[in-house]
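Below is one structure, written out as structure tokens; comments come after it.
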Number of protein chains: 2
Amino acid sequence: MPVKLSPPDPARLLPVPGVELGTAAAGIRKPGRKDVLVIRIARDSEVVGVFTQNRFCAAPVTVAREHLHAESGVRALLVNTGNANAGTGDEGVARARAACTALAELLEVSALQVLPFSTGVILEPLPHEKIIAALPAALADLRPDNWAAAAEAIMTTDIVPKAVSRRVNLDGVEFVVTGIAKGSGMIHPNMATMLAFVATDAPVSCEALEAMLRHGVNRSFNCITVDGDTSTNDACILIATGVTAAPVIMDDADPRFAALREAVTGVMTTLAQAIVRDGEGATKFITVRVEGGRDEAECKRVAYAVARSPLVKTAFFASDPNLGRILAAVGYAGIDDLDVNRLRLHLGDVLVAEKGGRAAGYREEDGRRVMAGSDILVRIELDRGQAAATVWTCDFSYDYVKINAEYRT
Amino acid sequence: MPVKLSPPDPARLLPVPGVELGTAAAGIRKPGRKDVLVIRIARDSEVVGVFTQNRFCAAPVTVAREHLHAESGVRALLVNTGNANAGTGDEGVARARAACTALAELLEVSALQVLPFSTGVILEPLPHEKIIAALPAALADLRPDNWAAAAEAIMTTDIVPKAVSRRVNLDGVEFVVTGIAKGSGMIHPNMATMLAFVATDAPVSCEALEAMLRHGVNRSFNCITVDGDTSTNDACILIATGVTAAPVIMDDADPRFAALREAVTGVMTTLAQAIVRDGEGATKFITVRVEGGRDEAECKRVAYAVARSPLVKTAFFASDPNLGRILAAVGYAGIDDLDVNRLRLHLGDVLVAEKGGRAAGYREEDGRRVMAGSDILVRIELDRGQAAATVWTCDFSYDYVKINAEYRT
């Protein structure tokens with residue numbers, strides 16, 4: 001069950017001027033299920049995106065990248081669940097293009113102005129004709145206040161829909177940042193997984209928006225792991241419609257840049273953490289914070305070694321303060337000149353290890369008290385520099401094996 | 001339960017002239033359990049070793065490395081189970097030294113001529129006095145035909161002892177290679193894990209022996225993964241006593257070099273595969289073979305990405321030919337210019353994927369037939385070069401979570 005994660009309150013999801021959303025049931029995998037989402041974006045919006053690094057990337061990722069590079073001005077996103085259109089070769093690309101073309105004709109824009117996204121089972125042909133047939137219904141449903149329905153439409157095996165809004169006041173003008181995401185493992189079973197769509201009505205140049213996207217993603221979606229597997233379909237899109245009037249934020253010299261970036265990063269972080277809280281079989285939400293490293297990269301390397309270790313994750317599932325597993329993971333993180341005698345390890349507020357071994361004052365019952373919680377902080381001080389990094393993960397339970405072993409049966 | 005792995009037949013374990021083994025019960029963790037092993041080695045033997053890369057390496061690893069570098073001529077190995085002497089700081093190093101000194105006095109050699117090895121629980125002080133008290137009993141037990149007892153004495157949570165012998169005829173002279181190993185996960189619960197001791201009576205120079213060790217380890221112990229965690233205590237020692245008379249094998253120009261290296265590698269490979277077959281919760285033994293890579297390193301990277309993926313491993317547990325998970329793991333292995341359209345994936349003798357998707361002739365029932373076996377070959381052709389690599393792993397079962405979650409309860 002999700003770890004302290006509730007569905008978003010629709011009343012607290014704020015429309016983003018310049019963005020409308022509509023859903024429809026195309027019958028891709030389950031009859032009657034809303035499985036198609038269209039996001040229509042106002043003319044002259046800026047849209048930027050990051051995509052999976054997986055070489056086996058899905059057809060819609062290939063097409064979305066191409067269309068973004070064409071710089072024709074994105075006018076719509078077309079998302080389907082139930083089928084990831086991944087591992088489908090040239091035919092998959094052709095079908096993704098056909099769906100974009102059909103939506104473009106209905107919207108009277110160019111096909112290059114539509115970005116496709118798919119999530120669901122992989123290695124199955126995309127039923128693009130069903131999607132195309134559902135487009136008129138999705139367009140009829142287009143409304144600015146439809147974010148909650150959109151969050152639900154993009155779920156695959158997520159248990160809880162993920163959506164959040166923030167208001168940000170920039171020089172006396174109120175703007176909104178709203179985002180939705182789906183995902184429940186880095187790859188859900190043979191689902192191809194993480195999608196996130198975040199939008200603001202602030203006016204932002206393409207370069208500044210790109211910078212905000214990278215900043216946000218590096219502190220949110222790039223800081224989570226459920227099982228260490230990287231999906232073939234991951235994508236995160238950031239939209240700035242600029243519909244609410246104000247001078248354009250051109251770059252980080254503008255004092256509003258940092259404030260908006262902060263709001264965008266906050267929305268992304270909430271969504272990223274929600275993915276971990278809804279992680280497959282998760283019973284605990286674990287924050288791994290590494291401090292005192294020479295640079296952020298080595299901090300992240302150590303944090304990921306701990307967060308990915310099956311031994312550490314099963315110990316968390318058992319609420320067992322198994323210090324040796326955490327220390328061993330730090331030791332194999334690949335920092336050749338790490339002095340383990342300087343390292344300090346904390347579980348919550350308890351110092352548990354220092355000077356190459358168990359801390360003198362450590363009592364097992366203190367460790368057990370921390371591990372009994374559902375939100376746990378592991379803090380590692382490397383004592384060799386000023387950098388820090390944080391990674392979020394969940395534990396590794398019987399249900400993880402069950403979900404993944406029985407997925408197709 | 002171990003996958004097709006039987007205890008060694010003691011009658012088929014061949015003594016190595018120049019090597020005697022003795023065990024004793026020191027009561028380190030379980031009363032009456034044989035938990036101390038002494039391996040006495042003839043004067044003028046060559047001994048070489050490789051050790052864990054984990055920065056959090058155990059005290060005995062530190063001491064064994066030091067003693068090996070001293071080049072005083074190794075005369076004995078002292079191994080204990082029940083306690084890994086890891087995460088024990090300076091006091092742990094002092095205790096490892098004290099145990100070496102005690103054995104050295106009994107054998108009338110220098111303490112630098114004794115290498116210590118420990119395996120068992122970590123973060124607990126080594127009860128070195130119990131080990132020292134048991135040494136006379138271990139020495140009284142020294143016999144050349146004691147390999148089976150030695151293999152049993154070094155077990156921790158291994159279910160099956162691991163030992164194997166080979167004969168090798170070099171220019172008409174018959175030599176023996178015999179080895180033992182222990183390990184059942186890269187780190188067993190909070191056990192610190194893999195140890196392997198291999199010996200031959202052939203006369204080999206230190207340099208040639210070192211070359212054979214690296215060759216063998218790179219094709220055996222460095223090709224396995226159970227859970228991707230690297231232990232704090234891993235060590236592999238190769239001994240050449242030279243007791244059986246013959247000209248010394250100085251280097252690889254000697255035609256006998258390749259034949260002996262082959263025998264050593266064979267013994268190591270059998271032991272390494274036995275560790276995987278006895279892997280925590282294993283129900284399947286999986287060989288991941290990657291061919292057609294530009295170099296061995298990239299082949300190994302792909303093979304490990306597949307072999308470590310929790311999603312792939314749970315699919316094997318379920319006997320589910322989930323091709324998408326394997327392809328996705330190949331895709332995120334970190335080969336930036338991999339052309340996924342040239343890749344071919346085989347399960348056993350069945351071509352399952354090519355040209356970026358499922359193979360045209362593939363039928364699900366053929367995949368299921370292969371997956372139903374307990375020994376499964378995954379073969380991946382990258383079609384971009386001549387190199388190849390093989391990695392062995394096991395599946396990921398409920399029992400893996402159970403063993404690791406409940407280990408300390």
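Going by the structure tokens order, chains are called A, B, ..., each with residues numbered from 1, while ligands are numbered from 1 in the order shown.
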- Item | Nearby residues (only C-alpha atoms) at most 7 Å from A:Glu291, same-chain spacing under 6 positions excluded, as a PyMOL selection string | chain A and resi 299+380-382+387-389
- Message: I'd like the neighbourhood of A:Leu209 as a VMD selection string, where a residue qualifies if any of its atoms comes within 8 Å (using only C-alpha atoms), though same-chain residues fewer than 3 positions away should be ignored.
- Response: chain A and resid 46 to 48 204 to 206 212 to 213 238 240
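Going from atom CA of B:Glu280 to atom CA of A:Ser397 covers 15.3 Å.
Taking atom CA of A:Ala405 and atom CA of B:Asn322 as the two end points, the separation is 9.9 Å.
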Using 12 Å as the limit and counting only C-alpha atoms, can you tabulate each residue of stretch 204-251 of chain A that touches stretch 103-120 of chain A, with its shortest atom-to-atom distance in Å and the two atoms involved, as CSV?
```
residue,atom,partner,partner_atom,distance
A:Ser231,CA,A:Thr119,CA,10.0
A:Thr232,CA,A:Thr119,CA,9.4
A:Asn233,CA,A:Thr119,CA,6.9
A:Asp234,CA,A:Thr119,CA,8.8
A:Ala235,CA,A:Phe117,CA,8.0
A:Cys236,CA,A:Phe117,CA,10.2
A:Ile237,CA,A:Leu115,CA,9.9
```
Cut-off 7 Å: closest chain B/chain A atom pairs per residue, using only C-alpha atoms, as JSON lines:
```
{"residue": "B:Gln53", "atom": "CA", "partner": "A:Tyr332", "partner_atom": "CA", "distance": 7.0}
{"residue": "B:Asn54", "atom": "CA", "partner": "A:Tyr332", "partner_atom": "CA", "distance": 4.6}
{"residue": "B:Arg55", "atom": "CA", "partner": "A:Gly331", "partner_atom": "CA", "distance": 4.4}
{"residue": "B:Phe56", "atom": "CA", "partner": "A:Gly331", "partner_atom": "CA", "distance": 4.6}
{"residue": "B:Gly87", "atom": "CA", "partner": "A:Gly357", "partner_atom": "CA", "distance": 4.3}
{"residue": "B:Thr88", "atom": "CA", "partner": "A:Gly357", "partner_atom": "CA", "distance": 5.1}
{"residue": "B:Gly89", "atom": "CA", "partner": "A:Gly356", "partner_atom": "CA", "distance": 5.0}
{"residue": "B:Ile122", "atom": "CA", "partner": "A:Gly324", "partner_atom": "CA", "distance": 6.3}
{"residue": "B:Leu123", "atom": "CA", "partner": "A:Gly357", "partner_atom": "CA", "distance": 6.2}
{"residue": "B:Pro189", "atom": "CA", "partner": "A:Leu311", "partner_atom": "CA", "distance": 6.8}
{"residue": "B:Asn190", "atom": "CA", "partner": "A:Gly324", "partner_atom": "CA", "distance": 6.1}
{"residue": "B:Asp227", "atom": "CA", "partner": "A:Pro310", "partner_atom": "CA", "distance": 6.5}
{"residue": "B:Asp229", "atom": "CA", "partner": "A:Ser309", "partner_atom": "CA", "distance": 6.6}
{"residue": "B:Thr230", "atom": "CA", "partner": "A:Tyr332", "partner_atom": "CA", "distance": 6.4}
{"residue": "B:Ser231", "atom": "CA", "partner": "A:Ala328", "partner_atom": "CA", "distance": 6.7}
{"residue": "B:Thr232", "atom": "CA", "partner": "A:Ala328", "partner_atom": "CA", "distance": 6.3}
{"residue": "B:Ser309", "atom": "CA", "partner": "A:Asp229", "partner_atom": "CA", "distance": 6.6}
{"residue": "B:Pro310", "atom": "CA", "partner": "A:Asp227", "partner_atom": "CA", "distance": 6.5}
{"residue": "B:Leu311", "atom": "CA", "partner": "A:Asn404", "partner_atom": "CA", "distance": 6.5}
{"residue": "B:Thr314", "atom": "CA", "partner": "A:Ala405", "partner_atom": "CA", "distance": 5.0}
{"residue": "B:Ala315", "atom": "CA", "partner": "A:Ala405", "partner_atom": "CA", "distance": 5.3}
{"residue": "B:Phe317", "atom": "CA", "partner": "A:Ala405", "partner_atom": "CA", "distance": 6.6}
{"residue": "B:Ala318", "atom": "CA", "partner": "A:Ala405", "partner_atom": "CA", "distance": 5.0}
{"residue": "B:Gly324", "atom": "CA", "partner": "A:Asn190", "partner_atom": "CA", "distance": 6.1}
{"residue": "B:Arg325", "atom": "CA", "partner": "A:Asn190", "partner_atom": "CA", "distance": 6.3}
{"residue": "B:Leu327", "atom": "CA", "partner": "A:Phe56", "partner_atom": "CA", "distance": 6.9}
{"residue": "B:Ala328", "atom": "CA", "partner": "A:Phe56", "partner_atom": "CA", "distance": 6.0}
{"residue": "B:Gly331", "atom": "CA", "partner": "A:Arg55", "partner_atom": "CA", "distance": 4.3}
{"residue": "B:Tyr332", "atom": "CA", "partner": "A:Asn54", "partner_atom": "CA", "distance": 4.6}
{"residue": "B:Leu338", "atom": "CA", "partner": "A:Arg55", "partner_atom": "CA", "distance": 6.6}
{"residue": "B:Val340", "atom": "CA", "partner": "A:Phe56", "partner_atom": "CA", "distance": 6.2}
{"residue": "B:Lys355", "atom": "CA", "partner": "A:Gly89", "partner_atom": "CA", "distance": 6.5}
{"residue": "B:Gly356", "atom": "CA", "partner": "A:Gly89", "partner_atom": "CA", "distance": 4.9}
{"residue": "B:Gly357", "atom": "CA", "partner": "A:Gly87", "partner_atom": "CA", "distance": 4.2}
{"residue": "B:Arg358", "atom": "CA", "partner": "A:Leu123", "partner_atom": "CA", "distance": 6.4}
{"residue": "B:Ser397", "atom": "CA", "partner": "A:Val401", "partner_atom": "CA", "distance": 6.6}
{"residue": "B:Tyr398", "atom": "CA", "partner": "A:Tyr398", "partner_atom": "CA", "distance": 5.9}
{"residue": "B:Val401", "atom": "CA", "partner": "A:Thr314", "partner_atom": "CA", "distance": 6.1}
{"residue": "B:Asn404", "atom": "CA", "partner": "A:Thr314", "partner_atom": "CA", "distance": 6.0}
{"residue": "B:Ala405", "atom": "CA", "partner": "A:Ala318", "partner_atom": "CA", "distance": 5.0}
{"residue": "B:Glu406", "atom": "CA", "partner": "A:Ala318", "partner_atom": "CA", "distance": 6.7}
```
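Using only C-alpha atoms, the smallest distance between any of A:Lys162, A:Lys34, A:Arg65, A:Arg95 and A:Leu13 comes from A:Lys162.
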- Message: Taking 3 positions as the minimum chain separation for residues in the same chain, which residues sit within 9 Å of B:Pro136 when counting only C-alpha atoms? Answer as a list of chain:residue names.
- Response: B:Ala24, B:Leu103, B:Leu106, B:Ile132, B:Ala133, B:Leu139, B:Ala140, B:Asp141
- Task: Return the single residue from B:Ser184, B:Ser374, B:Ser220, B:Thr287 that is closest to B:His346, with distances computed using only C-alpha atoms.
- Result: B:Thr287
- Message: Applying 8 Å and only C-alpha atoms, which residues near B:Met1 remain after dropping the ones on its own chain fewer than 6 positions away? List them as a ChimeraX atom specification.
- Response: /B:159,278,281-283
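Minimum atom-to-atom distance to A:Glu152, evaluated using only C-alpha atoms, belongs to A:Asp35 out of A:Asp349, A:Asp395, A:Asp383, A:Asp35.
With distances restricted to only C-alpha atoms, A:Thr200 is the closest residue to A:Arg167 from A:Thr241, A:Thr193, A:Gln386, A:Thr200.
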- Item | Shell around B:Val391 at 12 Å using only C-alpha atoms, local window under 6 positions removed, as a PyMOL selection string | chain B and resi 218-226+269+272-273+276+285-291+296-297+299-308+377-380
- Once DSSP has gone over the backbone, tell me which residues of stretch 260-383 of chain B are in strand (DSSP E or B), as a VMD selection string. chain B and resid 285 to 293 344 to 347 350 to 354 357 to 358 375 to 381
Atoms to include: N, CA and C atoms. Write the selected residues as a PDB file, in the first residue's frame.
```pdb
ATOM      1  N   PHE B 285      19.156 -21.223 -12.135  1.00  0.00           N
ATOM      2  CA  PHE B 285      20.534 -20.832 -12.437  1.00  0.00           C
ATOM      3  C   PHE B 285      20.529 -20.251 -13.845  1.00  0.00           C
ATOM      4  N   ILE B 286      20.945 -19.007 -13.955  1.00  0.00           N
ATOM      5  CA  ILE B 286      20.804 -18.300 -15.229  1.00  0.00           C
ATOM      6  C   ILE B 286      22.166 -17.879 -15.769  1.00  0.00           C
ATOM      7  N   THR B 287      22.435 -18.242 -17.009  1.00  0.00           N
ATOM      8  CA  THR B 287      23.657 -17.832 -17.687  1.00  0.00           C
ATOM      9  C   THR B 287      23.296 -16.706 -18.649  1.00  0.00           C
ATOM     10  N   VAL B 288      23.927 -15.557 -18.463  1.00  0.00           N
ATOM     11  CA  VAL B 288      23.698 -14.441 -19.387  1.00  0.00           C
ATOM     12  C   VAL B 288      24.954 -14.295 -20.239  1.00  0.00           C
ATOM     13  N   ARG B 289      24.793 -14.583 -21.513  1.00  0.00           N
ATOM     14  CA  ARG B 289      25.917 -14.568 -22.455  1.00  0.00           C
ATOM     15  C   ARG B 289      25.708 -13.418 -23.424  1.00  0.00           C
ATOM     16  N   VAL B 290      26.672 -12.512 -23.493  1.00  0.00           N
ATOM     17  CA  VAL B 290      26.572 -11.384 -24.427  1.00  0.00           C
ATOM     18  C   VAL B 290      27.662 -11.528 -25.469  1.00  0.00           C
ATOM     19  N   GLU B 291      27.284 -11.506 -26.729  1.00  0.00           N
ATOM     20  CA  GLU B 291      28.226 -11.703 -27.839  1.00  0.00           C
ATOM     21  C   GLU B 291      28.171 -10.515 -28.794  1.00  0.00           C
ATOM     22  N   GLY B 292      29.237 -10.412 -29.594  1.00  0.00           N
ATOM     23  CA  GLY B 292      29.230  -9.398 -30.657  1.00  0.00           C
ATOM     24  C   GLY B 292      29.406  -7.981 -30.138  1.00  0.00           C
ATOM     25  N   GLY B 293      30.061  -7.832 -28.978  1.00  0.00           N
ATOM     26  CA  GLY B 293      30.341  -6.493 -28.457  1.00  0.00           C
ATOM     27  C   GLY B 293      31.677  -5.979 -28.979  1.00  0.00           C
ATOM     28  N   ARG B 344      19.938  -9.045 -31.222  1.00  0.00           N
ATOM     29  CA  ARG B 344      19.101 -10.247 -31.214  1.00  0.00           C
ATOM     30  C   ARG B 344      19.151 -10.871 -29.834  1.00  0.00           C
ATOM     31  N   LEU B 345      18.000 -11.285 -29.340  1.00  0.00           N
ATOM     32  CA  LEU B 345      17.890 -11.879 -28.004  1.00  0.00           C
ATOM     33  C   LEU B 345      17.376 -13.300 -28.130  1.00  0.00           C
ATOM     34  N   HIS B 346      18.085 -14.230 -27.480  1.00  0.00           N
ATOM     35  CA  HIS B 346      17.683 -15.634 -27.492  1.00  0.00           C
ATOM     36  C   HIS B 346      17.410 -16.102 -26.065  1.00  0.00           C
ATOM     37  N   LEU B 347      16.351 -16.859 -25.878  1.00  0.00           N
ATOM     38  CA  LEU B 347      16.137 -17.599 -24.618  1.00  0.00           C
ATOM     39  C   LEU B 347      16.395 -19.052 -24.951  1.00  0.00           C
ATOM     40  N   VAL B 350      15.761 -20.390 -28.526  1.00  0.00           N
ATOM     41  CA  VAL B 350      14.664 -19.681 -29.193  1.00  0.00           C
ATOM     42  C   VAL B 350      15.035 -18.214 -29.444  1.00  0.00           C
ATOM     43  N   LEU B 351      14.972 -17.781 -30.691  1.00  0.00           N
ATOM     44  CA  LEU B 351      15.158 -16.352 -31.013  1.00  0.00           C
ATOM     45  C   LEU B 351      13.872 -15.630 -30.618  1.00  0.00           C
ATOM     46  N   VAL B 352      13.986 -14.698 -29.669  1.00  0.00           N
ATOM     47  CA  VAL B 352      12.760 -14.083 -29.149  1.00  0.00           C
ATOM     48  C   VAL B 352      12.607 -12.629 -29.578  1.00  0.00           C
ATOM     49  N   ALA B 353      13.717 -11.937 -29.831  1.00  0.00           N
ATOM     50  CA  ALA B 353      13.581 -10.530 -30.228  1.00  0.00           C
ATOM     51  C   ALA B 353      14.652 -10.166 -31.234  1.00  0.00           C
ATOM     52  N   GLU B 354      14.299  -9.332 -32.174  1.00  0.00           N
ATOM     53  CA  GLU B 354      15.240  -8.776 -33.159  1.00  0.00           C
ATOM     54  C   GLU B 354      14.599  -7.540 -33.783  1.00  0.00           C
ATOM     55  N   GLY B 357      12.179  -5.301 -31.720  1.00  0.00           N
ATOM     56  CA  GLY B 357      10.926  -5.793 -31.141  1.00  0.00           C
ATOM     57  C   GLY B 357      10.893  -7.315 -31.098  1.00  0.00           C
ATOM     58  N   ARG B 358       9.734  -7.854 -30.871  1.00  0.00           N
ATOM     59  CA  ARG B 358       9.578  -9.297 -30.808  1.00  0.00           C
ATOM     60  C   ARG B 358       9.895  -9.919 -32.164  1.00  0.00           C
ATOM     61  N   ASP B 375      17.892 -24.477 -15.415  1.00  0.00           N
ATOM     62  CA  ASP B 375      19.119 -23.875 -15.935  1.00  0.00           C
ATOM     63  C   ASP B 375      18.764 -23.179 -17.243  1.00  0.00           C
ATOM     64  N   ILE B 376      18.915 -21.869 -17.261  1.00  0.00           N
ATOM     65  CA  ILE B 376      18.422 -21.096 -18.410  1.00  0.00           C
ATOM     66  C   ILE B 376      19.543 -20.257 -19.009  1.00  0.00           C
ATOM     67  N   LEU B 377      19.629 -20.275 -20.340  1.00  0.00           N
ATOM     68  CA  LEU B 377      20.606 -19.443 -21.049  1.00  0.00           C
ATOM     69  C   LEU B 377      19.900 -18.256 -21.689  1.00  0.00           C
ATOM     70  N   VAL B 378      20.384 -17.050 -21.348  1.00  0.00           N
ATOM     71  CA  VAL B 378      19.945 -15.833 -22.045  1.00  0.00           C
ATOM     72  C   VAL B 378      21.109 -15.415 -22.928  1.00  0.00           C
ATOM     73  N   ARG B 379      20.894 -15.356 -24.232  1.00  0.00           N
ATOM     74  CA  ARG B 379      22.002 -15.006 -25.123  1.00  0.00           C
ATOM     75  C   ARG B 379      21.638 -13.747 -25.900  1.00  0.00           C
ATOM     76  N   ILE B 380      22.527 -12.766 -25.817  1.00  0.00           N
ATOM     77  CA  ILE B 380      22.266 -11.464 -26.433  1.00  0.00           C
ATOM     78  C   ILE B 380      23.355 -11.195 -27.459  1.00  0.00           C
ATOM     79  N   GLU B 381      22.974 -11.012 -28.712  1.00  0.00           N
ATOM     80  CA  GLU B 381      23.938 -10.657 -29.754  1.00  0.00           C
ATOM     81  C   GLU B 381      23.831  -9.165 -30.015  1.00  0.00           C
TER      82      GLU B 381
END
```
- Message: as a PyMOL selection string, please: every residue in stretch 20-113 of chain A that DSSP puts in alpha helix (DSSP H).
- Response: chain A and resi 59-69+89-107
Once you have the residues from the selection above, write them out as an mmCIF file, in the first residue's frame, restricted to N, CA and C atoms.
```
data_model
loop_
_atom_site.group_PDB
_atom_site.id
_atom_site.type_symbol
_atom_site.label_atom_id
_atom_site.label_comp_id
_atom_site.auth_asym_id
_atom_site.auth_seq_id
_atom_site.Cartn_x
_atom_site.Cartn_y
_atom_site.Cartn_z
ATOM 1 N N ALA A 59 8.792 4.144 -29.217
ATOM 2 C CA ALA A 59 8.504 4.911 -30.435
ATOM 3 C C ALA A 59 8.023 6.335 -30.121
ATOM 4 N N PRO A 60 7.098 6.535 -29.159
ATOM 5 C CA PRO A 60 6.642 7.909 -28.905
ATOM 6 C C PRO A 60 7.772 8.808 -28.402
ATOM 7 N N VAL A 61 8.753 8.232 -27.708
ATOM 8 C CA VAL A 61 9.893 9.042 -27.256
ATOM 9 C C VAL A 61 10.674 9.542 -28.465
ATOM 10 N N THR A 62 10.902 8.648 -29.418
ATOM 11 C CA THR A 62 11.603 9.035 -30.652
ATOM 12 C C THR A 62 10.852 10.160 -31.365
ATOM 13 N N VAL A 63 9.550 9.996 -31.487
ATOM 14 C CA VAL A 63 8.749 10.983 -32.225
ATOM 15 C C VAL A 63 8.655 12.295 -31.439
ATOM 16 N N ALA A 64 8.474 12.220 -30.120
ATOM 17 C CA ALA A 64 8.353 13.446 -29.319
ATOM 18 C C ALA A 64 9.650 14.249 -29.373
ATOM 19 N N ARG A 65 10.779 13.536 -29.299
ATOM 20 C CA ARG A 65 12.078 14.228 -29.403
ATOM 21 C C ARG A 65 12.182 14.966 -30.741
ATOM 22 N N GLU A 66 11.854 14.240 -31.818
ATOM 23 C CA GLU A 66 11.901 14.827 -33.174
ATOM 24 C C GLU A 66 11.038 16.077 -33.275
ATOM 25 N N HIS A 67 9.817 15.961 -32.796
ATOM 26 C CA HIS A 67 8.872 17.087 -32.924
ATOM 27 C C HIS A 67 9.319 18.270 -32.075
ATOM 28 N N LEU A 68 9.899 17.997 -30.910
ATOM 29 C CA LEU A 68 10.416 19.088 -30.078
ATOM 30 C C LEU A 68 11.560 19.791 -30.790
ATOM 31 N N HIS A 69 12.443 18.996 -31.413
ATOM 32 C CA HIS A 69 13.592 19.584 -32.110
ATOM 33 C C HIS A 69 13.164 20.396 -33.320
ATOM 34 N N GLY A 89 9.490 -1.359 -33.054
ATOM 35 C CA GLY A 89 10.186 -1.137 -34.328
ATOM 36 C C GLY A 89 9.640 0.025 -35.142
ATOM 37 N N ASP A 90 9.869 -0.037 -36.446
ATOM 38 C CA ASP A 90 9.477 1.058 -37.340
ATOM 39 C C ASP A 90 7.960 1.246 -37.371
ATOM 40 N N GLU A 91 7.240 0.131 -37.294
ATOM 41 C CA GLU A 91 5.778 0.206 -37.335
ATOM 42 C C GLU A 91 5.255 1.022 -36.141
ATOM 43 N N GLY A 92 5.917 0.881 -34.981
ATOM 44 C CA GLY A 92 5.525 1.643 -33.794
ATOM 45 C C GLY A 92 5.681 3.140 -34.019
ATOM 46 N N VAL A 93 6.779 3.516 -34.671
ATOM 47 C CA VAL A 93 7.005 4.933 -34.960
ATOM 48 C C VAL A 93 5.926 5.441 -35.919
ATOM 49 N N ALA A 94 5.610 4.643 -36.926
ATOM 50 C CA ALA A 94 4.591 5.051 -37.908
ATOM 51 C C ALA A 94 3.241 5.251 -37.211
ATOM 52 N N ARG A 95 2.922 4.382 -36.266
ATOM 53 C CA ARG A 95 1.622 4.502 -35.585
ATOM 54 C C ARG A 95 1.575 5.728 -34.673
ATOM 55 N N ALA A 96 2.719 6.009 -34.024
ATOM 56 C CA ALA A 96 2.767 7.206 -33.179
ATOM 57 C C ALA A 96 2.565 8.456 -34.035
ATOM 58 N N ARG A 97 3.209 8.464 -35.205
ATOM 59 C CA ARG A 97 3.045 9.605 -36.116
ATOM 60 C C ARG A 97 1.595 9.728 -36.595
ATOM 61 N N ALA A 98 0.989 8.597 -36.902
ATOM 62 C CA ALA A 98 -0.396 8.618 -37.408
ATOM 63 C C ALA A 98 -1.332 9.223 -36.355
ATOM 64 N N ALA A 99 -1.111 8.880 -35.093
ATOM 65 C CA ALA A 99 -1.958 9.429 -34.028
ATOM 66 C C ALA A 99 -1.754 10.940 -33.921
ATOM 67 N N CYS A 100 -0.500 11.381 -34.028
ATOM 68 C CA CYS A 100 -0.217 12.824 -33.970
ATOM 69 C C CYS A 100 -0.902 13.549 -35.126
ATOM 70 N N THR A 101 -0.806 12.963 -36.314
ATOM 71 C CA THR A 101 -1.410 13.580 -37.501
ATOM 72 C C THR A 101 -2.920 13.726 -37.327
ATOM 73 N N ALA A 102 -3.545 12.685 -36.812
ATOM 74 C CA ALA A 102 -5.001 12.727 -36.627
ATOM 75 C C ALA A 102 -5.389 13.832 -35.650
ATOM 76 N N LEU A 103 -4.663 13.951 -34.547
ATOM 77 C CA LEU A 103 -4.985 14.998 -33.574
ATOM 78 C C LEU A 103 -4.701 16.377 -34.171
ATOM 79 N N ALA A 104 -3.602 16.474 -34.906
ATOM 80 C CA ALA A 104 -3.241 17.754 -35.515
ATOM 81 C C ALA A 104 -4.347 18.236 -36.465
ATOM 82 N N GLU A 105 -4.907 17.292 -37.254
ATOM 83 C CA GLU A 105 -5.977 17.688 -38.186
ATOM 84 C C GLU A 105 -7.194 18.217 -37.444
ATOM 85 N N LEU A 106 -7.557 17.554 -36.360
ATOM 86 C CA LEU A 106 -8.719 18.009 -35.577
ATOM 87 C C LEU A 106 -8.469 19.375 -34.955
ATOM 88 N N LEU A 107 -7.214 19.637 -34.571
ATOM 89 C CA LEU A 107 -6.883 20.901 -33.910
ATOM 90 C C LEU A 107 -6.453 21.978 -34.915
#
```
